[in-house]
file target.txt (compact mmCIF, C-alpha atoms)
# COMPACT_ATOMS: atom_id res chain seq x y z
CA ASP Q 1 166.84 58.58 299.12
CA GLU Q 2 163.66 57.56 300.98
CA THR Q 3 163.46 54.29 299.04
CA ILE Q 4 167.11 53.49 299.80
CA ALA Q 5 166.58 54.29 303.50
CA ASN Q 6 163.56 51.98 303.70
CA LEU Q 7 165.19 49.21 301.68
CA SER Q 8 168.51 49.26 303.53
CA GLN Q 9 166.77 48.33 306.79
CA TYR Q 10 166.31 44.82 305.40
CA LEU Q 11 169.73 44.40 303.81
CA ASP Q 12 172.94 42.92 305.18
CA ALA Q 13 176.59 43.78 304.67
CA GLY Q 14 177.66 42.66 301.21
CA ASP Q 15 174.24 43.17 299.63
CA VAL Q 16 173.96 45.34 296.53
CA ILE Q 17 171.57 48.16 295.61
CA VAL Q 18 171.49 49.05 291.90
CA ASP Q 19 170.08 52.40 290.78
CA GLY Q 20 169.18 52.12 287.10
CA GLY Q 21 167.79 55.64 286.64
CA ASN Q 22 169.35 58.73 285.10
CA GLU Q 23 171.11 60.37 288.03
CA TRP Q 24 173.56 63.20 288.69
CA PHE Q 25 176.74 61.28 289.54
CA HIS Q 26 177.40 63.41 292.63
CA ASN Q 27 174.19 62.02 294.16
CA THR Q 28 175.41 58.48 293.44
CA LEU Q 29 178.72 59.21 295.19
CA ARG Q 30 176.86 60.60 298.21
CA ARG Q 31 174.50 57.63 298.46
CA ALA Q 32 177.34 55.13 298.20
CA LYS Q 33 179.16 56.96 301.00
CA GLU Q 34 176.06 56.90 303.22
CA LEU Q 35 175.71 53.13 302.75
CA GLU Q 36 179.37 52.35 303.49
CA PRO Q 37 178.97 52.09 307.29
CA LYS Q 38 176.41 49.31 306.75
CA GLY Q 39 178.66 47.50 304.29
CA ILE Q 40 176.01 47.75 301.57
CA HIS Q 41 177.32 48.19 298.03
CA PHE Q 42 175.76 50.84 295.79
CA VAL Q 43 175.93 50.64 291.99
CA GLY Q 44 174.78 53.45 289.71
CA MET Q 45 173.96 51.93 286.33
CA GLY Q 46 173.12 53.85 283.19
CA ILE Q 47 170.60 52.13 280.92
CA SER Q 48 170.10 52.90 277.25
CA GLY Q 49 167.95 51.29 274.60
CA GLY Q 50 164.45 52.67 274.84
CA GLU Q 51 161.58 50.64 273.41
CA GLU Q 52 163.88 48.31 271.46
CA GLY Q 53 166.08 47.77 274.51
CA ALA Q 54 163.07 46.83 276.61
CA ARG Q 55 162.22 44.07 274.15
CA ASN Q 56 165.64 42.83 273.07
CA GLY Q 57 168.00 43.97 275.82
CA PRO Q 58 169.53 47.38 276.61
CA SER Q 59 173.04 48.71 276.95
CA LEU Q 60 173.94 48.61 280.66
CA MET Q 61 176.61 50.89 282.16
CA PRO Q 62 177.39 49.86 285.76
CA GLY Q 63 179.73 51.81 288.01
CA GLY Q 64 180.52 50.81 291.58
CA PRO Q 65 182.77 48.61 293.74
CA LYS Q 66 184.35 45.84 291.68
CA ALA Q 67 183.16 43.29 294.25
CA ALA Q 68 179.59 44.46 293.68
CA TYR Q 69 179.99 44.30 289.91
CA ASP Q 70 181.27 40.72 290.15
CA LEU Q 71 178.10 39.79 292.06
CA ILE Q 72 175.69 41.29 289.52
CA GLU Q 73 177.68 40.58 286.34
CA PRO Q 74 176.06 37.18 285.57
CA ILE Q 75 172.61 38.78 285.79
CA ILE Q 76 173.23 41.95 283.80
CA SER Q 77 175.23 40.12 281.15
CA LYS Q 78 172.14 38.02 280.41
CA CYS Q 79 169.79 41.03 280.55
CA ALA Q 80 171.89 43.21 278.23
CA ALA Q 81 171.60 43.28 274.45
CA GLN Q 82 173.70 40.57 272.82
CA VAL Q 83 175.94 41.45 269.87
CA ASN Q 84 178.71 39.71 267.93
CA ASP Q 85 181.40 40.40 270.52
CA GLY Q 86 179.26 39.72 273.59
CA PRO Q 87 176.78 41.49 275.86
CA CYS Q 88 176.41 45.30 275.73
CA THR Q 89 177.75 45.81 279.23
CA GLY Q 90 180.98 45.83 281.19
CA TYR Q 91 182.60 47.23 284.30
CA LEU Q 92 182.99 50.99 283.80
CA GLY Q 93 184.79 51.80 287.02
CA PRO Q 94 184.14 53.02 290.57
CA VAL Q 95 180.95 54.52 291.98
CA GLY Q 96 179.56 57.29 289.77
CA SER Q 97 181.26 56.21 286.55
CA GLY Q 98 178.19 54.44 285.17
CA ASN Q 99 176.02 57.51 285.69
CA TYR Q 100 178.80 59.72 284.27
CA VAL Q 101 179.04 57.71 281.04
CA LYS Q 102 175.24 57.71 280.62
CA MET Q 103 175.18 61.46 281.25
CA ILE Q 104 177.72 62.10 278.48
CA HIS Q 105 175.94 59.60 276.22
CA ASN Q 106 172.70 61.55 276.60
CA GLY Q 107 174.46 64.89 276.11
CA VAL Q 108 175.93 63.70 272.82
CA GLU Q 109 172.50 62.41 271.80
CA TYR Q 110 171.04 65.88 272.52
CA GLY Q 111 173.52 67.30 270.01
CA ASP Q 112 172.73 64.63 267.43
CA MET Q 113 168.99 65.25 267.70
CA GLN Q 114 169.47 69.01 267.39
CA LEU Q 115 171.51 68.55 264.19
CA ILE Q 116 168.79 66.32 262.75
CA ALA Q 117 166.10 68.84 263.74
CA GLU Q 118 167.95 71.72 262.04
CA VAL Q 119 168.50 69.69 258.87
CA TYR Q 120 164.78 68.81 258.87
CA ASP Q 121 163.90 72.49 259.29
CA VAL Q 122 166.06 73.53 256.32
CA MET Q 123 164.66 70.75 254.15
CA LYS Q 124 161.06 71.57 255.05
CA THR Q 125 160.98 75.37 255.25
CA VAL Q 126 163.71 76.38 252.79
CA LEU Q 127 163.93 73.55 250.26
CA LYS Q 128 160.18 72.83 250.56
CA LEU Q 129 160.70 69.07 250.44
CA SER Q 130 157.78 66.75 251.19
CA ASN Q 131 157.83 64.28 254.09
CA ASP Q 132 158.35 61.40 251.66
CA GLU Q 133 161.27 63.19 250.00
CA MET Q 134 162.89 63.88 253.35
CA ALA Q 135 162.30 60.30 254.49
CA LYS Q 136 164.05 59.00 251.37
CA ILE Q 137 167.05 61.27 251.94
CA PHE Q 138 167.44 60.14 255.55
CA GLU Q 139 167.07 56.53 254.43
CA GLU Q 140 169.88 57.05 251.91
CA TRP Q 141 172.06 58.74 254.54
CA ASN Q 142 171.58 55.73 256.80
CA SER Q 143 173.46 53.60 254.25
CA THR Q 144 176.50 55.91 254.47
CA GLU Q 145 178.90 56.89 257.27
CA LEU Q 146 175.91 58.62 258.89
CA GLU Q 147 174.33 55.23 259.66
CA SER Q 148 172.82 55.35 263.16
CA TYR Q 149 169.70 54.57 265.12
CA LEU Q 150 168.61 58.24 265.12
CA ILE Q 151 168.99 58.64 261.35
CA GLU Q 152 167.12 55.36 260.81
CA ILE Q 153 164.13 56.26 262.97
CA THR Q 154 164.00 59.80 261.54
CA SER Q 155 163.43 58.28 258.11
CA LYS Q 156 160.70 56.01 259.45
CA ILE Q 157 159.00 58.79 261.43
CA LEU Q 158 158.90 61.13 258.43
CA ALA Q 159 157.34 58.42 256.25
CA LYS Q 160 154.73 57.39 258.84
CA LYS Q 161 151.16 58.16 257.74
CA ASP Q 162 148.67 59.20 260.42
CA ASP Q 163 146.39 56.21 261.04
CA VAL Q 164 144.12 58.07 263.47
CA THR Q 165 142.79 60.74 261.12
CA ASP Q 166 143.82 58.95 257.91
CA THR Q 167 145.01 62.38 256.77
CA GLY Q 168 148.62 63.43 256.33
CA TYR Q 169 151.65 62.34 258.32
CA VAL Q 170 152.20 61.77 262.04
CA VAL Q 171 155.12 64.23 262.20
CA ASP Q 172 152.84 67.11 261.20
CA TYR Q 173 150.60 66.49 264.22
CA VAL Q 174 153.44 66.47 266.76
CA LEU Q 175 153.49 69.55 269.02
CA ASP Q 176 156.75 71.51 268.64
CA LYS Q 177 157.40 71.48 272.35
CA THR Q 178 159.83 69.26 274.21
CA GLY Q 179 161.17 68.74 277.70
CA MET Q 180 164.19 67.06 279.26
CA LYS Q 181 165.16 64.91 282.22
CA GLY Q 182 168.37 66.68 283.23
CA THR Q 183 171.21 64.67 281.71
CA GLY Q 184 171.90 67.23 278.98
CA ARG Q 185 172.04 70.06 281.52
CA TRP Q 186 174.33 68.01 283.77
CA THR Q 187 176.65 67.35 280.81
CA ILE Q 188 176.99 71.08 280.12
CA GLN Q 189 177.47 71.81 283.84
CA GLU Q 190 180.29 69.26 283.94
CA ALA Q 191 181.85 70.65 280.76
CA ALA Q 192 181.80 74.15 282.28
CA GLU Q 193 183.32 72.90 285.55
CA ARG Q 194 186.18 71.35 283.56
CA SER Q 195 186.53 74.31 281.14
CA ILE Q 196 185.77 72.09 278.16
CA ALA Q 197 184.02 73.55 275.13
CA ALA Q 198 180.86 71.64 274.19
CA PRO Q 199 179.16 74.08 271.79
CA THR Q 200 176.94 71.62 269.93
CA MET Q 201 175.56 70.11 273.11
CA ALA Q 202 175.20 73.55 274.75
CA ALA Q 203 173.28 74.87 271.74
CA SER Q 204 170.99 71.84 271.76
CA LEU Q 205 170.24 72.47 275.45
CA ASP Q 206 169.38 76.11 274.69
CA MET Q 207 167.00 74.95 271.95
CA ARG Q 208 165.24 72.67 274.42
CA TYR Q 209 164.74 75.59 276.77
CA ILE Q 210 163.25 77.62 273.93
CA SER Q 211 161.14 74.71 272.70
CA ALA Q 212 159.60 74.21 276.14
CA ARG Q 213 158.42 77.84 276.19
CA LYS Q 214 155.78 77.31 273.53
CA ASP Q 215 153.41 80.04 274.73
CA GLU Q 216 156.20 82.63 274.78
CA ARG Q 217 157.30 81.66 271.27
CA VAL Q 218 153.78 82.06 269.93
CA LYS Q 219 153.54 85.57 271.40
CA ALA Q 220 157.01 86.51 270.14
CA SER Q 221 156.21 85.30 266.62
CA ALA Q 222 153.66 88.10 266.28
CA ILE Q 223 156.31 90.69 267.13
CA LEU Q 224 159.62 89.37 265.79
CA LYS Q 225 159.76 88.82 262.05
CA GLY Q 226 162.66 87.07 260.29
CA PRO Q 227 163.70 87.57 256.66
CA GLU Q 228 161.55 85.97 254.02
CA MET Q 229 163.44 83.33 252.07
CA THR Q 230 162.68 81.02 249.18
CA SER Q 231 164.45 77.89 247.99
CA ALA Q 232 165.44 79.69 244.79
CA GLU Q 233 167.50 82.13 246.86
CA ILE Q 234 169.50 79.38 248.54
CA PRO Q 235 172.44 78.02 246.48
CA VAL Q 236 171.90 74.45 247.63
CA HIS Q 237 171.49 71.54 245.22
CA LYS Q 238 168.65 69.28 246.31
call {"tool": "encode", "arguments": {"input": "target.txt", "output": "structure tokens"}}
result
Amino acid sequence: DETIANLSQYLDAGDVIVDGGNEWFHNTLRRAKELEPKGIHFVGMGISGGEEGARNGPSLMPGGPKAAYDLIEPIISKCAAQVNDGPCTGYLGPVGSGNYVKMIHNGVEYGDMQLIAEVYDVMKTVLKLSNDEMAKIFEEWNSTELESYLIEITSKILAKKDDVTDTGYVVDYVLDKTGMKGTGRWTIQEAAERSIAAPTMAASLDMRYISARKDERVKASAILKGPEMTSAEIPVHK
């Protein structure tokens, strides 16, 4: 808000401010409303692509006045990733829609990552598979209907040897503690407001809360004991 206030002093009616961060869409609606008296357009634009997107172009999700989109379209169409049917961008609708789509996109991704994490846990702790064995399975899955960026990088991560210690695999040195930036929580808030069931995404959000409380989990592990289980007791074919 402070940046927008400072920047808007030097802008004229018809100029466009684009917010490319992850943002709660209600904040985008408020900011657009506050800029209306000055005639300044505000566009909330979701951006997805990570490291690969930074190098080769991201997916851009703009939402705002159509007049503002028409002004920035030539720029963002060149910046976006290019695929067979054109650039990975397009007009998503009025103010807030770009942030809304990115919010849901991230919420779905939370669920996907939780599913992958649980499958990894079963493979590692119950089936006792090695990192190379798990990497091969994920690689095979990526040639089926499960093909996706997350499945692909999971295979690569599991197979990655640690080149710092020259001992073992990178995944085994990663701290089992994660955080979040808010989009998953906003997705579940919105689902609750609309009375829509989103159990997979809600469960993944709960797991992030638990994951972040590493110290508490360590203390609890000395008190709470689960059932012992071996791969021979699980009727699953490898």
call {"tool": "residues_around", "arguments": {"input": "target.txt", "residues": "Pro94 (chain Q)", "least_positions_apart": "3", "cutoff": "7 Å", "atoms": "all atoms listed in the file", "output": "VMD selection string"}}
result
chain Q and resid 63 to 65 97
call {"tool": "atom_distance", "arguments": {"input": "target.txt", "atom1": "CA of Ala68 (chain Q)", "atom2": "CA of Gly50 (chain Q)"}}
result
25.5 Å
call {"tool": "closest_residue", "arguments": {"input": "target.txt", "among": "Q:Thr89, Q:Thr3, Q:Asn106, Q:Ser130", "to": "Pro74 (chain Q)", "atoms": "all atoms listed in the file"}}
result
Q:Thr89
call {"tool": "atom_distance", "arguments": {"input": "target.txt", "atom1": "CA of Ile40 (chain Q)", "atom2": "CA of Leu71 (chain Q)"}}
result
12.6 Å
call {"tool": "closest_residue", "arguments": {"input": "target.txt", "among": "Q:Gly39, Q:Gly182, Q:Pro199, Q:Gly90", "to": "Tyr69 (chain Q)", "atoms": "all atoms listed in the file"}}
result
Q:Gly90
call {"tool": "closest_atom_pairs", "arguments": {"input": "target.txt", "of": "region 196-215 of chain Q", "to": "region 109-117 of chain Q", "cutoff": "8 Å", "atoms": "only C-alpha atoms", "output": "JSON lines"}}
result
{"residue": "Q:Thr200", "atom": "CA", "partner": "Q:Gly111", "partner_atom": "CA", "distance": 5.5}
{"residue": "Q:Met201", "atom": "CA", "partner": "Q:Gly111", "partner_atom": "CA", "distance": 4.7}
{"residue": "Q:Ala203", "atom": "CA", "partner": "Q:Gly111", "partner_atom": "CA", "distance": 7.8}
{"residue": "Q:Ser204", "atom": "CA", "partner": "Q:Gln114", "partner_atom": "CA", "distance": 5.4}
{"residue": "Q:Leu205", "atom": "CA", "partner": "Q:Tyr110", "partner_atom": "CA", "distance": 7.3}
{"residue": "Q:Met207", "atom": "CA", "partner": "Q:Gln114", "partner_atom": "CA", "distance": 7.9}
call {"tool": "atom_distance", "arguments": {"input": "target.txt", "atom1": "CA of Tyr169 (chain Q)", "atom2": "CA of Glu118 (chain Q)"}}
result
19.2 Å
call {"tool": "closest_residue", "arguments": {"input": "target.txt", "among": "Q:Pro227, Q:Pro37, Q:Pro62, Q:Gly168", "to": "Gly20 (chain Q)", "atoms": "only C-alpha atoms"}}
result
Q:Pro62
call {"tool": "build_atoms", "arguments": {"input": "target.txt", "residues": "region 201-212 of chain Q", "atoms": "all heavy atoms", "output": "JSON list (two decimals), in the coordinates of the input"}}
result
[["chain", "number", "residue", "atom", "x", "y", "z"],
["Q", 201, "MET", "N", 176.45, 70.57, 272.04],
["Q", 201, "MET", "CA", 175.56, 70.11, 273.11],
["Q", 201, "MET", "C", 174.94, 71.30, 273.85],
["Q", 201, "MET", "O", 173.77, 71.26, 274.23],
["Q", 201, "MET", "CB", 176.31, 69.20, 274.08],
["Q", 201, "MET", "CG", 176.66, 67.85, 273.48],
["Q", 201, "MET", "SD", 177.40, 66.70, 274.66],
["Q", 201, "MET", "CE", 179.08, 67.34, 274.74],
["Q", 202, "ALA", "N", 175.72, 72.36, 274.06],
["Q", 202, "ALA", "CA", 175.20, 73.55, 274.75],
["Q", 202, "ALA", "C", 174.10, 74.20, 273.93],
["Q", 202, "ALA", "O", 173.06, 74.61, 274.47],
["Q", 202, "ALA", "CB", 176.32, 74.54, 275.01],
["Q", 203, "ALA", "N", 174.29, 74.29, 272.62],
["Q", 203, "ALA", "CA", 173.28, 74.87, 271.74],
["Q", 203, "ALA", "C", 172.00, 74.04, 271.75],
["Q", 203, "ALA", "O", 170.89, 74.57, 271.75],
["Q", 203, "ALA", "CB", 173.82, 75.01, 270.32],
["Q", 204, "SER", "N", 172.16, 72.72, 271.76],
["Q", 204, "SER", "CA", 170.99, 71.84, 271.76],
["Q", 204, "SER", "C", 170.20, 72.00, 273.06],
["Q", 204, "SER", "O", 168.96, 71.94, 273.06],
["Q", 204, "SER", "CB", 171.40, 70.38, 271.58],
["Q", 204, "SER", "OG", 172.06, 69.87, 272.72],
["Q", 205, "LEU", "N", 170.91, 72.24, 274.16],
["Q", 205, "LEU", "CA", 170.24, 72.47, 275.45],
["Q", 205, "LEU", "C", 169.46, 73.78, 275.41],
["Q", 205, "LEU", "O", 168.31, 73.85, 275.86],
["Q", 205, "LEU", "CB", 171.28, 72.49, 276.57],
["Q", 205, "LEU", "CG", 170.73, 72.60, 278.00],
["Q", 205, "LEU", "CD1", 169.88, 71.39, 278.36],
["Q", 205, "LEU", "CD2", 171.89, 72.74, 279.00],
["Q", 206, "ASP", "N", 170.07, 74.82, 274.84],
["Q", 206, "ASP", "CA", 169.38, 76.11, 274.69],
["Q", 206, "ASP", "C", 168.10, 75.94, 273.87],
["Q", 206, "ASP", "O", 167.06, 76.53, 274.19],
["Q", 206, "ASP", "CB", 170.29, 77.13, 274.02],
["Q", 206, "ASP", "CG", 171.40, 77.63, 274.95],
["Q", 206, "ASP", "OD1", 171.23, 77.51, 276.18],
["Q", 206, "ASP", "OD2", 172.40, 78.14, 274.43],
["Q", 207, "MET", "N", 168.18, 75.15, 272.81],
["Q", 207, "MET", "CA", 167.00, 74.95, 271.95],
["Q", 207, "MET", "C", 165.89, 74.22, 272.70],
["Q", 207, "MET", "O", 164.70, 74.47, 272.46],
["Q", 207, "MET", "CB", 167.38, 74.17, 270.68],
["Q", 207, "MET", "CG", 168.29, 74.93, 269.73],
["Q", 207, "MET", "SD", 167.61, 76.54, 269.20],
["Q", 207, "MET", "CE", 168.58, 77.65, 270.23],
["Q", 208, "ARG", "N", 166.26, 73.35, 273.61],
["Q", 208, "ARG", "CA", 165.24, 72.67, 274.42],
["Q", 208, "ARG", "C", 164.55, 73.65, 275.36],
["Q", 208, "ARG", "O", 163.34, 73.56, 275.59],
["Q", 208, "ARG", "CB", 165.86, 71.51, 275.20],
["Q", 208, "ARG", "CG", 166.29, 70.37, 274.31],
["Q", 208, "ARG", "CD", 166.17, 69.04, 274.99],
["Q", 208, "ARG", "NE", 166.55, 67.96, 274.11],
["Q", 208, "ARG", "CZ", 166.21, 66.69, 274.29],
["Q", 208, "ARG", "NH1", 165.46, 66.36, 275.32],
["Q", 208, "ARG", "NH2", 166.59, 65.76, 273.45],
["Q", 209, "TYR", "N", 165.33, 74.56, 275.92],
["Q", 209, "TYR", "CA", 164.74, 75.59, 276.77],
["Q", 209, "TYR", "C", 163.71, 76.41, 275.97],
["Q", 209, "TYR", "O", 162.60, 76.66, 276.43],
["Q", 209, "TYR", "CB", 165.81, 76.54, 277.31],
["Q", 209, "TYR", "CG", 166.79, 75.94, 278.29],
["Q", 209, "TYR", "CD1", 168.10, 76.42, 278.36],
["Q", 209, "TYR", "CD2", 166.42, 74.91, 279.15],
["Q", 209, "TYR", "CE1", 169.01, 75.88, 279.27],
["Q", 209, "TYR", "CE2", 167.32, 74.37, 280.05],
["Q", 209, "TYR", "CZ", 168.62, 74.85, 280.11],
["Q", 209, "TYR", "OH", 169.52, 74.32, 281.00],
["Q", 210, "ILE", "N", 164.13, 76.81, 274.77],
["Q", 210, "ILE", "CA", 163.25, 77.62, 273.93],
["Q", 210, "ILE", "C", 162.02, 76.82, 273.50],
["Q", 210, "ILE", "O", 160.89, 77.31, 273.51],
["Q", 210, "ILE", "CB", 164.02, 78.13, 272.69],
["Q", 210, "ILE", "CG1", 165.13, 79.10, 273.11],
["Q", 210, "ILE", "CG2", 163.07, 78.80, 271.70],
["Q", 210, "ILE", "CD1", 166.07, 79.50, 272.00],
["Q", 211, "SER", "N", 162.23, 75.56, 273.14],
["Q", 211, "SER", "CA", 161.14, 74.71, 272.70],
["Q", 211, "SER", "C", 160.09, 74.55, 273.79],
["Q", 211, "SER", "O", 158.88, 74.57, 273.50],
["Q", 211, "SER", "CB", 161.68, 73.33, 272.30],
["Q", 211, "SER", "OG", 160.63, 72.44, 271.99],
["Q", 212, "ALA", "N", 160.53, 74.41, 275.03],
["Q", 212, "ALA", "CA", 159.60, 74.21, 276.14],
["Q", 212, "ALA", "C", 158.72, 75.42, 276.39],
["Q", 212, "ALA", "O", 157.62, 75.31, 276.94],
["Q", 212, "ALA", "CB", 160.38, 73.86, 277.41]]
